[in-house]
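Undergrad: Below is final_9.txt; it holds compact mmCIF, C-alpha atoms.
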# COMPACT_ATOMS: atom_id res chain seq x y z
CA MET A 94 168.08 159.58 167.13
CA GLU A 95 166.29 162.68 168.18
CA VAL A 96 164.88 164.88 165.45
CA PRO A 97 165.95 168.53 165.69
CA ILE A 98 163.09 171.02 165.58
CA LEU A 99 164.02 174.36 164.07
CA LYS A 100 162.05 177.55 164.45
CA GLN A 101 161.76 179.57 161.27
CA GLY A 102 159.56 182.62 161.67
CA PRO A 103 156.06 181.50 162.48
CA TYR A 104 156.85 177.92 161.48
CA LEU A 105 158.53 174.89 162.98
CA ILE A 106 160.64 172.66 160.78
CA ALA A 107 161.43 169.07 161.72
CA SER A 108 163.79 167.42 159.29
CA ILE A 109 163.96 163.66 159.69
CA GLN A 110 167.43 162.52 158.69
CA SER A 111 167.34 158.77 159.21
CA ALA A 112 164.89 155.99 159.86
CA LEU A 113 163.30 156.55 163.26
CA SER A 114 162.52 154.02 165.93
CA ASP A 115 159.03 153.97 167.37
CA GLU A 116 160.25 155.77 170.50
CA ASP A 117 161.87 158.49 168.42
CA LEU A 118 158.59 159.03 166.60
CA VAL A 119 156.61 159.26 169.81
CA GLN A 120 159.18 161.71 171.11
CA LEU A 121 158.94 163.79 167.95
CA ARG A 122 155.16 163.82 168.32
CA ASP A 123 155.28 164.99 171.93
CA ALA A 124 157.94 167.60 171.17
CA LEU A 125 156.08 169.07 168.19
CA VAL A 126 152.72 169.20 169.90
CA ALA A 127 154.31 170.92 172.89
CA GLN A 128 156.52 173.33 170.94
CA VAL A 129 153.76 174.50 168.65
CA GLY A 130 151.97 175.94 171.66
CA LYS A 131 155.03 177.20 173.47
CA LEU A 132 156.41 179.10 170.46
CA ARG A 133 152.97 180.12 169.20
CA SER A 134 153.79 178.65 165.79
CA ARG A 135 151.28 178.84 162.98
CA GLY A 136 152.59 175.97 160.95
CA VAL A 137 154.73 172.84 161.11
CA ILE A 138 156.76 171.29 158.32
CA VAL A 139 157.96 167.72 158.61
CA ASP A 140 160.60 166.93 156.02
CA VAL A 141 160.96 163.25 155.11
CA THR A 142 163.16 163.68 152.02
CA ALA A 143 165.88 161.49 153.53
CA LEU A 144 163.57 158.54 154.17
CA ASP A 145 163.47 155.82 151.56
CA VAL A 146 161.23 153.61 153.67
CA MET A 147 158.24 154.50 155.80
CA ASP A 148 156.47 151.86 157.83
CA SER A 149 152.88 151.87 158.94
CA PHE A 150 153.65 153.06 162.44
CA ALA A 151 155.62 156.03 161.16
CA THR A 152 152.88 156.91 158.72
CA ARG A 153 150.15 156.63 161.31
CA THR A 154 152.14 158.65 163.80
CA LEU A 155 152.73 161.41 161.23
CA ARG A 156 149.03 161.49 160.46
CA ASP A 157 148.23 161.66 164.18
CA ILE A 158 150.72 164.47 164.63
CA ALA A 159 149.09 166.41 161.78
CA HIS A 160 145.66 166.05 163.36
CA MET A 161 146.96 167.00 166.80
CA ILE A 162 148.71 170.06 165.38
CA ARG A 163 145.45 171.10 163.77
CA LEU A 164 143.68 170.73 167.10
CA ARG A 165 146.38 172.96 168.56
CA GLY A 166 145.38 175.61 166.05
CA ALA A 167 148.22 175.27 163.54
CA GLU A 168 148.68 173.59 160.17
CA MET A 169 151.08 170.83 159.36
CA VAL A 170 152.49 169.79 156.00
CA ILE A 171 154.65 166.76 155.19
CA VAL A 172 157.21 167.45 152.50
CA GLY A 173 159.64 165.43 150.43
CA ILE A 174 157.95 162.04 150.25
CA GLN A 175 159.94 160.05 147.70
CA PRO A 176 158.08 158.61 144.68
CA GLU A 177 158.81 155.02 145.69
CA VAL A 178 157.71 155.70 149.24
CA ALA A 179 154.53 157.38 148.03
CA PHE A 180 153.51 154.43 145.94
CA ALA A 181 154.44 151.91 148.60
CA LEU A 182 152.29 153.79 151.14
CA VAL A 183 149.31 153.89 148.84
CA ARG A 184 149.65 150.20 148.08
CA LEU A 185 149.59 149.46 151.78
CA GLY A 186 146.48 151.58 152.11
CA LEU A 187 148.31 154.24 154.14
CA LYS A 188 147.00 157.30 152.41
CA LEU A 189 147.70 160.00 155.01
CA GLU A 190 144.13 161.18 154.67
CA GLY A 191 143.49 164.72 155.68
CA VAL A 192 147.18 165.51 155.83
CA ALA A 193 148.65 168.19 153.60
CA THR A 194 151.68 167.21 151.53
CA ALA A 195 154.09 169.17 149.37
CA LEU A 196 156.97 168.42 147.07
CA ASP A 197 159.79 169.93 149.12
CA LEU A 198 160.58 172.39 151.88
CA GLU A 199 160.13 175.41 149.64
CA GLU A 200 156.71 174.24 148.49
CA GLY A 201 155.77 173.45 152.05
CA ILE A 202 156.55 176.99 153.16
CA LEU A 203 154.58 178.39 150.22
CA TYR A 204 151.65 176.16 151.18
CA LEU A 205 151.72 177.40 154.78
CA ASN A 206 152.04 181.02 153.64
CA ARG A 207 148.96 180.57 151.52
CA LYS A 208 147.12 178.98 154.44
CA MET A 209 148.07 181.92 156.67
CA GLY A 210 146.73 184.23 153.99
CA GLU A 211 143.41 182.48 154.22
CA SER A 212 143.41 182.44 157.99
CA GLY A 213 141.55 185.76 158.12
CA LYS A 214 138.62 183.87 156.73
CA GLU A 215 136.79 181.32 158.73
CA MET A 216 138.82 178.14 159.26
CA LYS A 217 137.59 175.61 156.78
CA HIS A 218 136.98 172.17 158.09
CA ARG A 219 138.92 169.93 155.78
CA GLY A 220 137.21 166.66 154.87
CA ARG A 221 139.04 163.58 156.02
CA MET B 203 151.58 96.51 109.63
CA ALA B 204 154.34 96.76 112.17
CA LYS B 205 155.31 93.24 111.27
CA VAL B 206 155.51 94.03 107.58
CA ARG B 207 157.61 97.04 108.25
CA GLN B 208 160.01 95.07 110.39
CA LYS B 209 160.35 92.37 107.79
CA ASN B 210 160.99 94.96 105.12
CA ALA B 211 163.59 96.67 107.21
CA MET B 212 165.45 93.38 107.24
CA ALA B 213 165.17 92.83 103.49
CA PRO B 214 168.35 93.66 101.57
CA MET B 215 166.30 95.20 98.78
CA ASP B 216 164.88 97.78 101.09
CA ASP B 217 167.02 100.85 100.80
CA PRO B 218 165.33 104.00 102.11
CA VAL B 219 167.60 106.22 100.02
CA GLU B 220 166.59 104.34 96.90
CA LEU B 221 162.94 104.58 97.83
CA LEU B 222 163.17 108.30 98.44
CA ARG B 223 164.84 108.75 95.09
CA GLU B 224 161.98 106.95 93.41
CA LEU B 225 159.52 109.03 95.36
CA VAL B 226 161.19 112.28 94.36
CA ALA B 227 161.28 111.22 90.73
CA HIS B 228 157.57 110.54 90.87
CA LEU B 229 156.86 113.93 92.41
CA GLN B 230 159.01 115.71 89.85
CA GLN B 231 157.30 113.93 86.97
CA ASN B 232 153.87 114.94 88.17
CA ARG B 233 154.92 118.39 89.31
CA THR B 234 152.41 120.38 87.22
CA LEU B 235 149.49 118.12 87.95
CA LEU B 236 150.10 117.89 91.68
CA ARG B 237 150.73 121.61 92.06
CA GLU B 238 147.45 122.38 90.35
CA GLU B 239 145.63 119.83 92.44
CA TRP B 240 147.14 121.33 95.58
CA ALA B 241 146.28 124.93 94.63
CA ARG B 242 142.73 123.80 93.85
CA ARG B 243 142.40 122.13 97.25
CA ILE B 244 143.72 125.26 98.95
CA THR B 245 141.09 127.40 97.25
CA GLU B 246 138.43 124.82 97.97
CA ALA B 247 139.30 124.78 101.66
CA LYS B 248 139.09 128.61 101.66
CA LEU B 249 142.62 128.95 102.95
CA LEU B 250 144.89 131.92 102.20
CA THR B 251 141.87 134.04 101.36
CA ALA B 252 144.02 137.13 101.71
CA MET B 253 145.93 136.16 98.56
CA SER B 254 144.94 136.05 94.89
CA LYS B 255 144.78 132.83 92.88
CA ASP B 256 147.98 133.63 90.99
CA GLU B 257 149.81 134.41 94.20
CA ILE B 258 148.64 131.15 95.74
CA PHE B 259 149.84 129.25 92.69
CA ALA B 260 153.22 130.99 92.73
CA GLU B 261 153.72 130.29 96.42
CA ALA B 262 152.46 126.74 95.96
CA THR B 263 155.07 126.18 93.28
CA ALA B 264 157.85 127.53 95.45
CA ILE B 265 156.77 125.48 98.45
CA TYR B 266 156.36 122.41 96.28
CA ASP B 267 159.88 122.69 94.89
CA ASN B 268 161.33 123.34 98.32
CA TYR B 269 159.35 120.40 99.59
CA ILE B 270 160.81 118.05 97.00
CA GLU B 271 164.26 119.42 97.62
CA ALA B 272 163.91 118.79 101.33
CA LEU B 273 162.72 115.23 100.63
CA GLU B 274 165.58 114.65 98.23
CA SER B 275 168.43 116.12 100.21
CA GLY B 276 167.11 115.33 103.67
CA THR B 277 168.23 118.82 104.79
CA PHE B 278 165.74 121.36 105.92
CA GLU B 279 167.76 124.57 106.03
CA ALA B 280 166.60 125.81 102.63
CA LEU B 281 162.99 125.01 103.50
CA GLN B 282 163.37 126.65 106.88
CA ALA B 283 164.75 129.81 105.28
CA TYR B 284 161.97 129.79 102.73
CA ALA B 285 159.34 129.28 105.44
CA ARG B 286 160.72 132.23 107.34
CA ASN B 287 160.80 134.37 104.24
CA LEU B 288 157.25 133.32 103.32
CA SER B 289 156.03 134.09 106.84
CA GLU B 290 157.63 137.52 106.73
CA ARG B 291 155.70 138.26 103.56
CA ILE B 292 152.33 136.85 104.51
CA ILE B 293 152.06 137.78 108.20
CA PRO B 294 151.47 141.48 107.44
CA ARG B 295 148.65 140.40 105.13
CA GLY B 296 146.84 138.72 107.97
CA VAL B 297 147.46 135.07 107.15
CA GLU B 298 146.68 132.95 110.18
CA THR B 299 148.55 130.03 111.69
CA HIS B 300 145.81 127.53 110.88
CA GLU B 301 146.00 128.49 107.20
CA VAL B 302 149.73 127.86 106.96
CA ILE B 303 149.49 124.54 108.77
CA GLY B 304 146.41 123.73 106.71
CA ILE B 305 148.10 124.19 103.35
CA VAL B 306 151.15 122.14 104.33
CA LEU B 307 148.91 119.33 105.54
CA LEU B 308 146.92 119.58 102.29
CA LEU B 309 150.09 119.14 100.29
CA ARG B 310 150.91 116.12 102.40
CA ASP B 311 147.46 114.67 101.63
CA VAL B 312 147.68 115.42 97.91
CA LEU B 313 151.06 113.74 97.63
CA ALA B 314 150.01 110.75 99.72
CA ARG B 315 147.01 110.19 97.46
CA SER B 316 149.08 110.44 94.34
CA LEU B 317 151.46 107.88 95.83
CA PHE B 318 148.52 105.65 96.59
CA ALA B 319 147.24 105.96 93.02
CA LYS B 320 150.63 104.93 91.71
CA TYR B 321 151.44 102.09 94.08
CA GLN B 322 148.03 100.72 94.92
CA SER B 323 148.72 97.50 93.05
CA ASP B 324 151.72 96.70 95.23
CA PHE B 325 150.69 97.10 98.82
CA THR B 326 154.06 96.13 100.29
CA LEU B 327 155.92 98.63 98.15
CA TYR B 328 153.36 101.29 98.95
CA ASN B 329 153.94 100.70 102.63
CA ARG B 330 157.66 101.04 102.21
CA ILE B 331 157.27 104.21 100.20
CA LEU B 332 155.09 105.61 102.93
CA ASP B 333 157.67 104.59 105.54
CA ALA B 334 160.18 106.72 103.72
CA TYR B 335 157.77 109.52 102.91
CA GLU B 336 155.87 110.03 106.16
CA PRO B 337 158.71 111.01 108.55
CA ALA B 338 160.11 113.44 106.01
CA ALA B 339 156.69 114.90 105.26
CA ASN B 340 155.92 115.31 108.94
CA ARG B 341 159.21 117.00 109.52
CA ILE B 342 158.54 119.37 106.65
CA ALA B 343 155.11 120.25 108.03
CA ASN B 344 156.70 120.83 111.40
CA THR B 345 159.46 123.00 109.98
CA VAL B 346 157.06 125.23 108.09
CA ALA B 347 154.63 125.57 111.00
CA VAL B 348 157.35 126.28 113.53
CA GLY B 349 158.97 128.77 111.16
CA PHE B 350 155.69 130.59 110.79
CA VAL B 351 154.93 130.68 114.49
CA GLN B 352 158.45 131.82 115.35
CA GLU B 353 158.24 134.62 112.83
CA ARG B 354 154.90 135.65 114.23
CA GLU B 355 156.24 135.66 117.75
CA ARG B 356 159.18 137.74 116.61
CA VAL B 357 156.80 140.28 115.06
CA ILE B 358 154.70 140.34 118.22
CA ARG B 359 157.76 140.83 120.42
CA GLU B 360 158.96 143.68 118.23
CA GLN B 361 155.58 145.35 118.37
CA GLN B 362 155.37 144.95 122.14
CA GLU B 363 158.77 146.51 122.52
CA ALA B 364 157.79 149.38 120.22
CA ILE B 365 154.60 149.95 122.19
CA ARG B 366 156.45 149.79 125.48
CA VAL B 367 158.88 152.47 124.36
CA LEU B 368 156.13 154.68 122.96
CA SER B 369 153.57 154.10 125.58
CA THR B 370 154.33 156.45 128.41
CA PRO B 371 155.46 159.94 127.60
CA VAL B 372 155.33 162.40 130.47
CA LEU B 373 155.22 165.85 128.90
CA GLN B 374 155.63 169.25 130.43
CA VAL B 375 153.28 171.79 128.84
CA ARG B 376 153.90 174.66 131.22
CA GLU B 377 156.05 175.35 134.20
CA ARG B 378 154.87 172.88 136.85
CA LEU B 379 152.20 171.32 134.64
CA LEU B 380 152.61 167.84 133.19
CA ILE B 381 150.39 165.88 130.84
CA LEU B 382 150.35 162.14 130.59
CA PRO B 383 148.37 161.01 127.57
CA ILE B 384 147.58 157.31 127.81
CA ILE B 385 146.68 155.48 124.62
CA GLY B 386 145.71 151.85 124.36
CA VAL B 387 144.98 149.10 126.78
CA ILE B 388 146.62 149.34 130.18
CA ASP B 389 147.89 146.04 131.53
CA PRO B 390 149.28 145.70 135.05
CA GLN B 391 152.87 145.93 133.85
CA ARG B 392 152.19 149.07 131.88
CA ALA B 393 150.24 150.57 134.76
CA ARG B 394 153.22 150.08 137.05
CA GLN B 395 155.54 151.65 134.53
CA LEU B 396 153.19 154.60 134.06
CA THR B 397 153.07 155.26 137.77
CA GLU B 398 156.83 155.08 138.15
CA GLN B 399 157.44 157.47 135.28
CA LEU B 400 154.78 159.85 136.47
CA LEU B 401 156.03 160.02 140.05
CA ARG B 402 159.59 160.46 138.86
CA GLY B 403 158.46 163.09 136.36
CA ILE B 404 156.75 165.03 139.14
CA ARG B 405 159.99 165.08 141.13
CA THR B 406 162.27 166.11 138.29
CA ASN B 407 159.92 168.73 136.82
CA ARG B 408 158.74 169.94 140.21
CA ALA B 409 155.21 169.57 138.91
CA LYS B 410 152.25 170.85 140.81
CA VAL B 411 149.45 169.64 138.57
CA VAL B 412 149.29 166.58 136.34
CA VAL B 413 146.64 166.01 133.69
CA ILE B 414 146.18 162.32 132.89
CA ASP B 415 144.29 161.99 129.65
CA ILE B 416 142.70 158.59 129.07
CA THR B 417 140.72 159.42 125.93
CA GLY B 418 142.68 156.71 124.13
CA VAL B 419 141.98 153.99 126.67
CA PRO B 420 139.22 151.72 125.34
CA VAL B 421 138.51 149.62 128.42
CA MET B 422 139.47 149.55 132.04
CA ASP B 423 139.06 146.74 134.52
CA ALA B 424 138.89 146.89 138.29
CA ASN B 425 142.60 146.25 138.74
CA VAL B 426 143.68 149.04 136.46
CA ALA B 427 141.08 151.39 137.90
CA ASN B 428 142.34 150.73 141.41
CA HIS B 429 145.87 151.24 140.23
CA LEU B 430 144.83 154.58 138.80
CA VAL B 431 143.28 155.57 142.10
CA GLN B 432 146.48 154.56 143.87
CA THR B 433 148.53 156.59 141.46
CA VAL B 434 146.38 159.61 142.12
CA GLU B 435 146.84 159.19 145.87
CA ALA B 436 150.59 158.67 145.54
CA THR B 437 150.75 161.83 143.48
CA ARG B 438 149.02 163.73 146.22
CA LEU B 439 151.65 162.52 148.69
CA LEU B 440 154.22 164.23 146.50
CA GLY B 441 152.22 167.42 146.83
CA ALA B 442 150.79 167.44 143.31
CA THR B 443 147.22 167.36 142.06
CA VAL B 444 145.92 165.02 139.39
CA ILE B 445 143.20 165.88 136.92
CA ILE B 446 141.82 162.98 134.91
CA THR B 447 140.34 163.80 131.54
CA GLY B 448 138.67 161.94 128.72
CA LEU B 449 136.83 159.27 130.67
CA SER B 450 134.68 157.59 128.05
CA PRO B 451 131.03 156.83 128.81
CA GLU B 452 131.84 153.11 128.83
CA ILE B 453 134.67 153.50 131.33
CA ALA B 454 132.58 155.81 133.48
CA GLN B 455 129.87 153.17 133.61
CA THR B 456 132.34 150.40 134.35
CA LEU B 457 133.94 152.33 137.17
CA VAL B 458 130.64 153.10 138.80
CA THR B 459 129.41 149.54 138.34
CA ILE B 460 132.49 147.97 139.89
CA GLY B 461 132.35 150.50 142.66
CA VAL B 462 135.73 152.20 142.33
CA ASP B 463 135.87 155.14 144.67
CA LEU B 464 136.46 158.10 142.41
CA GLY B 465 135.29 160.60 144.99
CA LYS B 466 138.76 161.96 145.52
CA MET B 467 139.57 162.14 141.86
CA ASN B 468 139.40 165.35 139.97
CA THR B 469 137.82 164.62 136.60
CA VAL B 470 137.21 166.95 133.69
CA GLY B 471 135.51 166.09 130.40
CA ASP B 472 138.26 166.55 127.86
CA LEU B 473 141.94 167.36 127.66
CA GLN B 474 141.31 171.01 126.85
CA GLY B 475 139.10 171.41 129.89
CA GLY B 476 141.70 169.59 131.97
CA ILE B 477 144.49 171.92 130.91
CA GLU B 478 142.28 174.96 131.56
CA GLU B 479 141.45 173.67 135.01
CA ALA B 480 145.14 173.01 135.65
CA GLU B 481 146.03 176.54 134.55
CA ARG B 482 143.42 177.88 136.92
CA LEU B 483 144.90 175.85 139.78
CA LEU B 484 148.36 177.17 138.92
CA GLY B 485 147.07 180.73 138.71
CA TYR B 486 147.60 181.17 134.97
CA LYS B 487 145.18 183.13 132.93
CA VAL B 488 145.28 182.73 129.18
CA VAL B 489 144.12 185.86 127.40
CA PRO B 490 143.92 186.25 123.60
CA LEU B 491 146.39 188.89 122.34
CA GLY B 492 143.66 191.27 121.22
CA GLU B 493 142.13 191.45 124.67
CA SER B 494 145.39 191.78 126.55
CA PRO B 495 145.62 195.10 128.35
CA HIS B 496 149.25 195.48 127.18
CA SER B 497 148.52 195.17 123.50
CA VAL B 498 148.17 198.28 121.45
Using the file provided, produce a representation of the structure as structure tokens.
TA:
Amino acid sequence: MEVPILKQGPYLIASIQSALSDEDLVQLRDALVAQVGKLRSRGVIVDVTALDVMDSFATRTLRDIAHMIRLRGAEMVIVGIQPEVAFALVRLGLKLEGVATALDLEEGILYLNRKMGESGKEMKHRGR
Amino acid sequence: MAKVRQKNAMAPMDDPVELLRELVAHLQQNRTLLREEWARRITEAKLLTAMSKDEIFAEATAIYDNYIEALESGTFEALQAYARNLSERIIPRGVETHEVIGIVLLLRDVLARSLFAKYQSDFTLYNRILDAYEPAANRIANTVAVGFVQERERVIREQQEAIRVLSTPVLQVRERLLILPIIGVIDPQRARQLTEQLLRGIRTNRAKVVVIDITGVPVMDANVANHLVQTVEATRLLGATVIITGLSPEIAQTLVTIGVDLGKMNTVGDLQGGIEEAERLLGYKVVPLGESPHSV
């Protein structure tokens, strides 16, 4: 199932609605990395509220996407990770290092807004 | 001896009920003497040190009478009930299992000796008396010991349940700020429960910052420490920040010694400092009324 990517002001929002196959994830990655340049977006929000399971490939791909987005000059935030999923990920050692996370879509937008506010200053290199 | 016993079992004169009756009569006749002897042996053996001499004698009397009754009637319900009742009274005073078993075994010894003194001239009769006495005495010792241990286990279960219910409050102190005070030893089960409640609490309260206060945690092993680190990371995945406060010097040393990576953890000395730091992160500023620009 393809993930729809919505444009909302300077941001892109990808809301994952069901468990994704590996191909879907790769497609999402390619689409996001391409769109962020084409639409000159400043931030990307990936919403995983609907997922009650996340495997290691999905997690790694999301982390890769976040790093690629950063290289493309934007910020990405993952929102809506469920408590059970969060703990399962940490137990498996999948910590999404260097990736911003927020409680839900609203928080994610606030996070990006804050980041944009800081963008006048020199881009900080975030520790991984 | 087995041979003797077998022969006696065949003999028409040998009636265990009759023997027990004789035994009980003997114990009732010498009640005062034997009770005193027993209480003396208890004190001598330094058992039941939590109780006074009078208390020991009173309990000894009650146990003695119950003991004889159990021997006489061959039913153990009354003794069982008494043992449970006794345990209920003495467990809160810190009486240990070995003491309870010790005193019952002492009574068994005292009675066996008194039987020996009485029947030593007739070895065959003595043997038969013992045949009747020993199984009953063993069963009594068993009943009392099991009663005590069961009562103790019940108390322990109740306490565990009480602790489990009390152990993990997740409290909101301000909009989007939770505190999780942890008191007592964290075992793996409790750690899991803590994490679940915390993560759920973050969702429902839409918390942004969580202060975990571990002032009340006396020790922490590698497992629990790693669990804590995992909890902190899981919390971050939900978009919240954790501040850990109240790490004792001992725990700090342990964590460093066992090499737990606390680099990503936000630690502040005490709960007050933790809440202040949290308020700063949330953009609150607490100003005393007198200094507020709006006050007159």
Undergrad: Please, what distance in Å, to one decimal, runs between CA of Ile365 (chain B) and CA of Val421 (chain B)?
TA: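 CA of Val421 (chain B) lies at a distance of 17.3 Å from CA of Ile365 (chain B).
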Undergrad: Can you measure CA of Leu189 (chain A) to CA of Ile445 (chain B) for me? One decimal in Å is fine.
TA: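 Computed distance, CA of Leu189 (chain A) to CA of Ile445 (chain B), equals 19.5 Å.
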Undergrad: Need to verify the contact set: region 226-243 of chain B, 8 Å, all atoms listed in the file, exclusion of same-chain residues closer than 6 positions in sequence. Can you return it as a VMD selection string?
TA: chain B and resid 258 to 259 262 to 263 266 270 273 to 274 308 to 309 312 to 313 316
Undergrad: If you measure from CA of Tyr104 (chain A) to CA of Val137 (chain A), what distance in Å do you get, rounded to one decimal?
TA: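 Computed distance, CA of Tyr104 (chain A) to CA of Val137 (chain A), equals 5.5 Å.
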Undergrad: With a cut-off of 6 Å, could you pull out the residues of chain A touching chain B and give me the nearest pair of atoms for each, distance in Å to one decimal, using only C-alpha atoms, ordered by chain and ascending number, as a Markdown table?
TA:
| residue | atom | partner | partner_atom | distance |
| --- | --- | --- | --- | --- |
| A:Ile174 | CA | B:Leu440 | CA | 5.7 |
| A:Pro176 | CA | B:Leu401 | CA | 5.3 |
| A:Ala179 | CA | B:Ala436 | CA | 4.8 |
| A:Phe180 | CA | B:Ala436 | CA | 5.2 |
| A:Val183 | CA | B:Gln432 | CA | 5.8 |
| A:Thr194 | CA | B:Gly441 | CA | 4.7 |
| A:Ala195 | CA | B:Gly441 | CA | 3.6 |
| A:Leu196 | CA | B:Gly441 | CA | 4.9 |
